[in-house]
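Visitor: Below are the structure tokens for one structure; questions will follow.
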Amino acid sequence: MTKKTIGYVHMLWTCPRCATRNPGPQKFCNGCGGPQPQDVAFEQAPEEKLVTDVAEIARAKAGPDIHCPFCNARNPGIAKFCGACGGGLAGGKARDSGKVAGAFRSGPAAPIVCTRCGSSNPGASLKCSNCGASLAPAPAEAQPASPAPGARPAGRSPIMILGIIAAAVCGLAAIGFLMFANRKTEQIGQVASVGWERRVAIEALRPVEHKDWRDQVPAEAELGSCRQEQRSTSQEPIFNSVEVCGTPYTLDTGSGYGEVVQDCVYEVYDDRCTYTLPEWTVVDTAVASGTGNLPAWPAMSLASDERAGEQTQTYSVVFVTANDSYGYAPANEAEYAGYVPGSQWLLVINGLGAITSIEPAR
Ligand SMILES: [Zn+2]
Ligand SMILES: [Zn+2]
Ligand SMILES: [Zn+2]
């Protein structure tokens with residue numbers, strides 16, 4: 001981010017002795033004549049107009065003012081001796097500077113109603129045009145309502161109690177389910193039927209679309225359409241860049257003037273393009289299946305631009321017992337080959353009806 005100066009504006013300060021609001025550049029109070037104390041901060045003016053006077057701009061740029069170590073009066077940052085008492089300013093303390101006061105208030109401020117006489121005054125006024133009282137702008141937003149005193153103390157609401165009961169019921173149900181699932185029985189099963197299926201993917205080179213910056217597109221690719229998109233940011237104006245700036249805001253310079261600045265950056269644009277490259281893509285699948293104990297791969301007739309891809313195989317066996325039947329999926333061809341229809345096996349079956357182990361029946 002680059003900070004750009006838009007210009008300078010007057011800030012304000014409020015006299016702690018007489019409540020008069022004074023223009024920032026003014027070092028002594030308009031109401032009582034007292035100096036601005038070091039601990040009285042500058043405030044943002046309700047309406048900010050950019051200063052055009054060359055001498056004022058020079059004062060705004062001169063850096064924070066210095067408070068006299070002898071009489072506390074504010075003096076310009078470049079002064080060597082105090083304008084009020086003549087004392088040397090070498091040991092004086094510079095005012096704080098660089099703090100963000102708020103978003104630049106370029107528009108007109110809402111009128112201020114005098115709390116003493118009720119007259120309406122333009123938003124930029126510091127004192128009432130009717131009675132001369134100091135005007136403080138009304139707070140911009142109301143504070144969010146705080147909880148009423150004596151509100152119900154945090155405790156267990158009926159909904160929370162219901163939640164606790166529900167959780168307990170769920171817990172018991174889960175324990176019961178696990179116990180049920182772990183209940184095992186041994187049964188003799190006979191192989192009623194077997195089945196197998198084998199699949200081979202058929203692949204061919206097909207154009208597949210991708211997207212990238214133009215200089216990243218592979219040389220052998222076929223270029224599609226391109227459009228300009230933001231690729232990066234830059235602090236400097238470079239080829240094909242657009243400056244983008246944030247909302248202007250006011251910084252306290254410590255001199256009674258605010259510096260209105262804006263954070264800017266250059267968005268750099270580039271061509272982002274679609275392109276295609278030939279890639280092996282699944283275009284078909286050859287499938288073979290059967291009900292014997294000798295599975296086979298499907299017969300393939302590949303075209304000249306095709307190749308065989310991924311191979312998968314699945315096996316299934318159905319056992320019948322005295323009172324039920326159970327499906328089972330052997331892990332591989334060797335295991336599958338053993339389940340000859342009619343053969344007998346000792347099955348361990350869990351509470352969910354799944355076969356957990358199989359041994360030859362003696
Ligand atoms: Zn005063
Ligand atoms: Zn002094
Ligand atoms: Zn008034």
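In the structure tokens, each chain is lettered A, B, ... as it comes, each chain's residues begin at 1, and ligands are numbered from 1 in order of appearance.
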Which neighbours of range 279-287 of chain A fall inside 7 Å, counting only C-alpha atoms, when residues of the same chain fewer than 3 positions from it are skipped, and could you give them as a ChimeraX atom specification?
Guide: /A:198-208,298,300
Visitor: Could you pull out the residues sitting within 9 Å of ligand 1, using only C-alpha atoms and all ligand atoms, and write them as a list in words?
Guide: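 Answer in the requested format: Thr14, Cys15, Pro16, Arg17, Cys18, Ala19, Thr20, Arg21, Asn22, Phe28, Cys29, Asn30, Gly31, Cys32, Gly33, Gly34, Pro35 and Gln36 of chain A.
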Visitor: For those residues, write C-alpha atoms to a file as a PDB file, in the first residue's frame.
Guide:
```pdb
ATOM      1  CA  THR A  14     -12.007  21.575  23.431  1.00  0.00           C
ATOM      2  CA  CYS A  15     -10.826  23.749  26.314  1.00  0.00           C
ATOM      3  CA  PRO A  16     -11.048  21.751  29.579  1.00  0.00           C
ATOM      4  CA  ARG A  17     -11.526  24.953  31.603  1.00  0.00           C
ATOM      5  CA  CYS A  18     -14.419  26.613  29.734  1.00  0.00           C
ATOM      6  CA  ALA A  19     -15.579  23.933  27.240  1.00  0.00           C
ATOM      7  CA  THR A  20     -15.032  26.252  24.255  1.00  0.00           C
ATOM      8  CA  ARG A  21     -14.267  24.378  21.051  1.00  0.00           C
ATOM      9  CA  ASN A  22     -11.313  25.922  19.261  1.00  0.00           C
ATOM     10  CA  PHE A  28      -4.857  29.601  22.981  1.00  0.00           C
ATOM     11  CA  CYS A  29      -8.530  29.239  23.912  1.00  0.00           C
ATOM     12  CA  ASN A  30     -11.000  31.632  22.265  1.00  0.00           C
ATOM     13  CA  GLY A  31     -13.133  31.551  25.421  1.00  0.00           C
ATOM     14  CA  CYS A  32     -10.733  31.972  28.363  1.00  0.00           C
ATOM     15  CA  GLY A  33      -7.383  32.664  26.681  1.00  0.00           C
ATOM     16  CA  GLY A  34      -5.666  29.681  28.301  1.00  0.00           C
ATOM     17  CA  PRO A  35      -3.127  27.537  26.368  1.00  0.00           C
ATOM     18  CA  GLN A  36      -4.128  24.127  25.007  1.00  0.00           C
TER      19      GLN A  36
END
```
Visitor: Among the residues of range 100-249 of chain A, find those DSSP assigns to alpha helix (DSSP H) from the backbone and print them as a VMD selection string.
Guide: chain A and resid 158 to 182
Visitor: Would you please work out which residue, of A:Leu251, A:Met1, A:Cys128, A:Met179, is nearest to ligand 3 when using only C-alpha atoms and all ligand atoms?
Guide: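 For ligand 3, the nearest of the given residues is A:Cys128.
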Visitor: Could you work out how far CA of Lys99 in chain A lies from CA of Ser255 in chain A, giving the answer in Å with one decimal?
Guide: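 Pair CA of Ser255 in chain A / CA of Lys99 in chain A returns 12.3 Å.
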Visitor: Quick one: residues within 9 Å of range 108-125 of chain A, only C-alpha atoms, excluding same-chain residues fewer than 5 positions away - as a list in words?
Guide: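 Listing them by chain and then by number gives Ala45, Pro46, Glu47, Glu48, Asn130, Cys131, Ala133, Ser134, Leu135, Ala136, Pro137 and Ala138 of chain A.
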Visitor: Limited to all heavy atoms, could you put the picked residues into a file as a JSON list (two decimals), in the first residue's frame?
Guide:
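And here is the file that came out, selection00.json:
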```
[["chain", "number", "residue", "atom", "x", "y", "z"],
["A", 45, "ALA", "N", -12.85, 17.55, 12.96],
["A", 45, "ALA", "CA", -13.92, 18.53, 12.78],
["A", 45, "ALA", "C", -15.14, 17.83, 12.16],
["A", 45, "ALA", "O", -14.98, 16.91, 11.37],
["A", 45, "ALA", "CB", -13.45, 19.66, 11.88],
["A", 46, "PRO", "N", -16.35, 18.28, 12.49],
["A", 46, "PRO", "CA", -17.54, 17.63, 11.93],
["A", 46, "PRO", "C", -17.63, 17.78, 10.41],
["A", 46, "PRO", "O", -18.25, 16.98, 9.74],
["A", 46, "PRO", "CB", -18.71, 18.32, 12.63],
["A", 46, "PRO", "CG", -18.17, 19.54, 13.26],
["A", 46, "PRO", "CD", -16.70, 19.35, 13.45],
["A", 47, "GLU", "N", -17.00, 18.85, 9.90],
["A", 47, "GLU", "CA", -17.02, 19.09, 8.46],
["A", 47, "GLU", "C", -15.60, 19.45, 8.08],
["A", 47, "GLU", "O", -15.05, 20.41, 8.61],
["A", 47, "GLU", "CB", -17.96, 20.28, 8.19],
["A", 47, "GLU", "CG", -18.78, 20.17, 6.94],
["A", 47, "GLU", "CD", -19.77, 21.33, 6.85],
["A", 47, "GLU", "OE1", -20.82, 21.25, 7.49],
["A", 47, "GLU", "OE2", -19.46, 22.32, 6.16],
["A", 48, "GLU", "N", -14.97, 18.68, 7.19],
["A", 48, "GLU", "CA", -13.56, 18.91, 6.87],
["A", 48, "GLU", "C", -13.40, 19.48, 5.47],
["A", 48, "GLU", "O", -13.83, 18.87, 4.49],
["A", 48, "GLU", "CB", -12.77, 17.60, 7.00],
["A", 48, "GLU", "CG", -12.74, 17.09, 8.43],
["A", 48, "GLU", "CD", -11.96, 15.80, 8.59],
["A", 48, "GLU", "OE1", -12.23, 14.83, 7.87],
["A", 48, "GLU", "OE2", -11.07, 15.76, 9.45],
["A", 130, "ASN", "N", -26.53, 32.32, 18.21],
["A", 130, "ASN", "CA", -27.55, 33.06, 18.95],
["A", 130, "ASN", "C", -27.06, 33.47, 20.34],
["A", 130, "ASN", "O", -27.09, 34.65, 20.70],
["A", 130, "ASN", "CB", -28.83, 32.23, 19.07],
["A", 130, "ASN", "CG", -29.95, 32.97, 19.77],
["A", 130, "ASN", "OD1", -30.18, 34.14, 19.49],
["A", 130, "ASN", "ND2", -30.61, 32.30, 20.69],
["A", 131, "CYS", "N", -26.55, 32.48, 21.14],
["A", 131, "CYS", "CA", -26.17, 32.79, 22.53],
["A", 131, "CYS", "C", -24.68, 32.72, 22.78],
["A", 131, "CYS", "O", -24.22, 33.05, 23.86],
["A", 131, "CYS", "CB", -26.93, 31.88, 23.49],
["A", 131, "CYS", "SG", -26.32, 30.18, 23.47],
["A", 133, "ALA", "N", -22.83, 30.00, 23.14],
["A", 133, "ALA", "CA", -22.39, 28.81, 23.88],
["A", 133, "ALA", "C", -21.57, 27.90, 22.97],
["A", 133, "ALA", "O", -21.77, 27.87, 21.75],
["A", 133, "ALA", "CB", -23.60, 28.06, 24.42],
["A", 134, "SER", "N", -20.64, 27.14, 23.56],
["A", 134, "SER", "CA", -19.84, 26.19, 22.80],
["A", 134, "SER", "C", -20.74, 25.04, 22.35],
["A", 134, "SER", "O", -21.58, 24.57, 23.10],
["A", 134, "SER", "CB", -18.71, 25.66, 23.68],
["A", 134, "SER", "OG", -17.87, 24.85, 22.93],
["A", 135, "LEU", "N", -20.54, 24.62, 21.09],
["A", 135, "LEU", "CA", -21.40, 23.56, 20.52],
["A", 135, "LEU", "C", -20.61, 22.27, 20.38],
["A", 135, "LEU", "O", -19.56, 22.26, 19.74],
["A", 135, "LEU", "CB", -21.92, 23.98, 19.14],
["A", 135, "LEU", "CG", -22.88, 25.16, 19.09],
["A", 135, "LEU", "CD1", -23.10, 25.55, 17.63],
["A", 135, "LEU", "CD2", -24.19, 24.84, 19.77],
["A", 136, "ALA", "N", -21.11, 21.22, 20.96],
["A", 136, "ALA", "CA", -20.51, 19.90, 20.74],
["A", 136, "ALA", "C", -21.47, 19.11, 19.87],
["A", 136, "ALA", "O", -22.65, 19.06, 20.15],
["A", 136, "ALA", "CB", -20.30, 19.19, 22.07],
["A", 137, "PRO", "N", -20.97, 18.50, 18.78],
["A", 137, "PRO", "CA", -21.89, 17.73, 17.94],
["A", 137, "PRO", "C", -22.48, 16.56, 18.71],
["A", 137, "PRO", "O", -21.81, 15.97, 19.55],
["A", 137, "PRO", "CB", -21.02, 17.26, 16.78],
["A", 137, "PRO", "CG", -19.62, 17.44, 17.20],
["A", 137, "PRO", "CD", -19.58, 18.42, 18.33],
["A", 138, "ALA", "N", -23.73, 16.24, 18.39],
["A", 138, "ALA", "CA", -24.39, 15.11, 19.05],
["A", 138, "ALA", "C", -23.65, 13.83, 18.70],
["A", 138, "ALA", "O", -23.12, 13.71, 17.60],
["A", 138, "ALA", "CB", -25.84, 15.02, 18.56]]
```
Visitor: May I ask which of the residues A:Asn332, A:Leu50, A:Thr312, A:Gly83 is the closest one to Ser289 in chain A, counting only C-alpha atoms?
Guide: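 Ranking A:Asn332, A:Leu50, A:Thr312, A:Gly83 by distance to Ser289 in chain A, first place goes to A:Thr312.
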Visitor: Would you mind listing what lies within 12 Å of Asp53 in chain A as a PDB file with all heavy atoms, in the first residue's frame, with only C-alpha atoms counted and same-chain residues fewer than 5 positions away left out?
Guide:
```pdb
ATOM      1  N   GLY A   7      -4.621  16.148   1.096  1.00  0.00           N
ATOM      2  CA  GLY A   7      -4.531  17.542   1.532  1.00  0.00           C
ATOM      3  C   GLY A   7      -4.567  17.620   3.043  1.00  0.00           C
ATOM      4  O   GLY A   7      -4.405  16.617   3.735  1.00  0.00           O
ATOM      5  N   TYR A   8      -4.795  18.869   3.537  1.00  0.00           N
ATOM      6  CA  TYR A   8      -4.776  19.102   4.982  1.00  0.00           C
ATOM      7  C   TYR A   8      -6.065  19.797   5.399  1.00  0.00           C
ATOM      8  O   TYR A   8      -6.639  20.565   4.637  1.00  0.00           O
ATOM      9  CB  TYR A   8      -3.550  19.931   5.351  1.00  0.00           C
ATOM     10  CG  TYR A   8      -2.266  19.192   5.050  1.00  0.00           C
ATOM     11  CD1 TYR A   8      -1.657  19.298   3.795  1.00  0.00           C
ATOM     12  CD2 TYR A   8      -1.689  18.354   5.996  1.00  0.00           C
ATOM     13  CE1 TYR A   8      -0.510  18.586   3.485  1.00  0.00           C
ATOM     14  CE2 TYR A   8      -0.540  17.637   5.706  1.00  0.00           C
ATOM     15  CZ  TYR A   8       0.045  17.759   4.447  1.00  0.00           C
ATOM     16  OH  TYR A   8       1.169  17.042   4.156  1.00  0.00           O
ATOM     17  N   VAL A   9      -6.508  19.517   6.624  1.00  0.00           N
ATOM     18  CA  VAL A   9      -7.764  20.101   7.136  1.00  0.00           C
ATOM     19  C   VAL A   9      -7.534  20.601   8.565  1.00  0.00           C
ATOM     20  O   VAL A   9      -6.561  20.209   9.213  1.00  0.00           O
ATOM     21  CB  VAL A   9      -8.903  19.052   7.142  1.00  0.00           C
ATOM     22  CG1 VAL A   9      -9.301  18.657   5.737  1.00  0.00           C
ATOM     23  CG2 VAL A   9      -8.512  17.820   7.958  1.00  0.00           C
ATOM     24  N   HIS A  10      -8.424  21.479   9.024  1.00  0.00           N
ATOM     25  CA  HIS A  10      -8.363  21.919  10.418  1.00  0.00           C
ATOM     26  C   HIS A  10      -8.926  20.831  11.322  1.00  0.00           C
ATOM     27  O   HIS A  10      -9.930  20.203  10.986  1.00  0.00           O
ATOM     28  CB  HIS A  10      -9.219  23.178  10.612  1.00  0.00           C
ATOM     29  CG  HIS A  10      -8.567  24.410  10.077  1.00  0.00           C
ATOM     30  ND1 HIS A  10      -9.123  25.664  10.205  1.00  0.00           N
ATOM     31  CD2 HIS A  10      -7.400  24.594   9.408  1.00  0.00           C
ATOM     32  CE1 HIS A  10      -8.329  26.560   9.645  1.00  0.00           C
ATOM     33  NE2 HIS A  10      -7.281  25.935   9.131  1.00  0.00           N
ATOM     34  N   ALA A  58       2.064  24.794   4.730  1.00  0.00           N
ATOM     35  CA  ALA A  58       3.444  24.683   5.208  1.00  0.00           C
ATOM     36  C   ALA A  58       3.455  24.378   6.708  1.00  0.00           C
ATOM     37  O   ALA A  58       4.243  23.551   7.181  1.00  0.00           O
ATOM     38  CB  ALA A  58       4.201  25.966   4.913  1.00  0.00           C
ATOM     39  N   ARG A  59       2.547  25.025   7.479  1.00  0.00           N
ATOM     40  CA  ARG A  59       2.491  24.768   8.926  1.00  0.00           C
ATOM     41  C   ARG A  59       2.033  23.335   9.192  1.00  0.00           C
ATOM     42  O   ARG A  59       2.516  22.673  10.102  1.00  0.00           O
ATOM     43  CB  ARG A  59       1.535  25.762   9.595  1.00  0.00           C
ATOM     44  CG  ARG A  59       2.235  27.064   9.985  1.00  0.00           C
ATOM     45  CD  ARG A  59       1.282  28.219  10.114  1.00  0.00           C
ATOM     46  NE  ARG A  59       0.301  28.041  11.191  1.00  0.00           N
ATOM     47  CZ  ARG A  59      -0.813  28.753  11.300  1.00  0.00           C
ATOM     48  NH1 ARG A  59      -1.096  29.683  10.407  1.00  0.00           N
ATOM     49  NH2 ARG A  59      -1.625  28.560  12.307  1.00  0.00           N
ATOM     50  N   ALA A  60       1.081  22.853   8.381  1.00  0.00           N
ATOM     51  CA  ALA A  60       0.571  21.490   8.554  1.00  0.00           C
ATOM     52  C   ALA A  60       1.666  20.459   8.304  1.00  0.00           C
ATOM     53  O   ALA A  60       1.714  19.414   8.943  1.00  0.00           O
ATOM     54  CB  ALA A  60      -0.601  21.253   7.611  1.00  0.00           C
TER      55      ALA A  60
END
```
Visitor: What are the nearest atom pairs, with distances in Å to one decimal, for all residues of chain A that come at most 9 Å from ligand 2, using only C-alpha atoms and all ligand atoms, set out by chain and rising residue number as CSV?
Guide:
```
residue,atom,partner,partner_atom_place_in_ligand_line,distance
A:His67,CA,ligand 2,1 (Zn),7.7
A:Cys68,CA,ligand 2,1 (Zn),4.5
A:Pro69,CA,ligand 2,1 (Zn),6.7
A:Phe70,CA,ligand 2,1 (Zn),5.1
A:Cys71,CA,ligand 2,1 (Zn),4.0
A:Asn72,CA,ligand 2,1 (Zn),5.8
A:Ala73,CA,ligand 2,1 (Zn),5.3
A:Arg74,CA,ligand 2,1 (Zn),8.0
A:Asn75,CA,ligand 2,1 (Zn),8.4
A:Phe81,CA,ligand 2,1 (Zn),7.8
A:Cys82,CA,ligand 2,1 (Zn),4.6
A:Gly83,CA,ligand 2,1 (Zn),6.6
A:Ala84,CA,ligand 2,1 (Zn),5.0
A:Cys85,CA,ligand 2,1 (Zn),4.1
A:Gly86,CA,ligand 2,1 (Zn),5.9
A:Gly87,CA,ligand 2,1 (Zn),5.4
A:Gly88,CA,ligand 2,1 (Zn),7.9
A:Leu89,CA,ligand 2,1 (Zn),7.9
```
Visitor: Near Leu12 in chain A, within 9 Å and counting only C-alpha atoms, which residues show up once chain neighbours fewer than 3 positions away are dropped, as a JSON list (two decimals) with C-alpha atoms, in the first residue's frame?
Guide:
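The new file selection.json reads:
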```
[["chain", "number", "residue", "atom", "x", "y", "z"],
["A", 21, "ARG", "CA", -14.27, 24.38, 21.05],
["A", 22, "ASN", "CA", -11.31, 25.92, 19.26],
["A", 23, "PRO", "CA", -9.92, 25.56, 15.72],
["A", 24, "GLY", "CA", -6.90, 23.25, 15.78],
["A", 25, "PRO", "CA", -4.31, 25.77, 14.53],
["A", 26, "GLN", "CA", -5.24, 28.14, 17.40],
["A", 41, "ALA", "CA", -6.11, 15.83, 22.12],
["A", 42, "PHE", "CA", -7.15, 17.19, 18.75],
["A", 43, "GLU", "CA", -10.55, 16.02, 17.50],
["A", 44, "GLN", "CA", -11.78, 15.59, 13.96],
["A", 45, "ALA", "CA", -13.92, 18.53, 12.78],
["A", 126, "LEU", "CA", -18.02, 25.82, 16.94],
["A", 256, "GLY", "CA", -3.77, 21.31, 14.79],
["A", 257, "TYR", "CA", -4.09, 20.20, 11.16]]
```
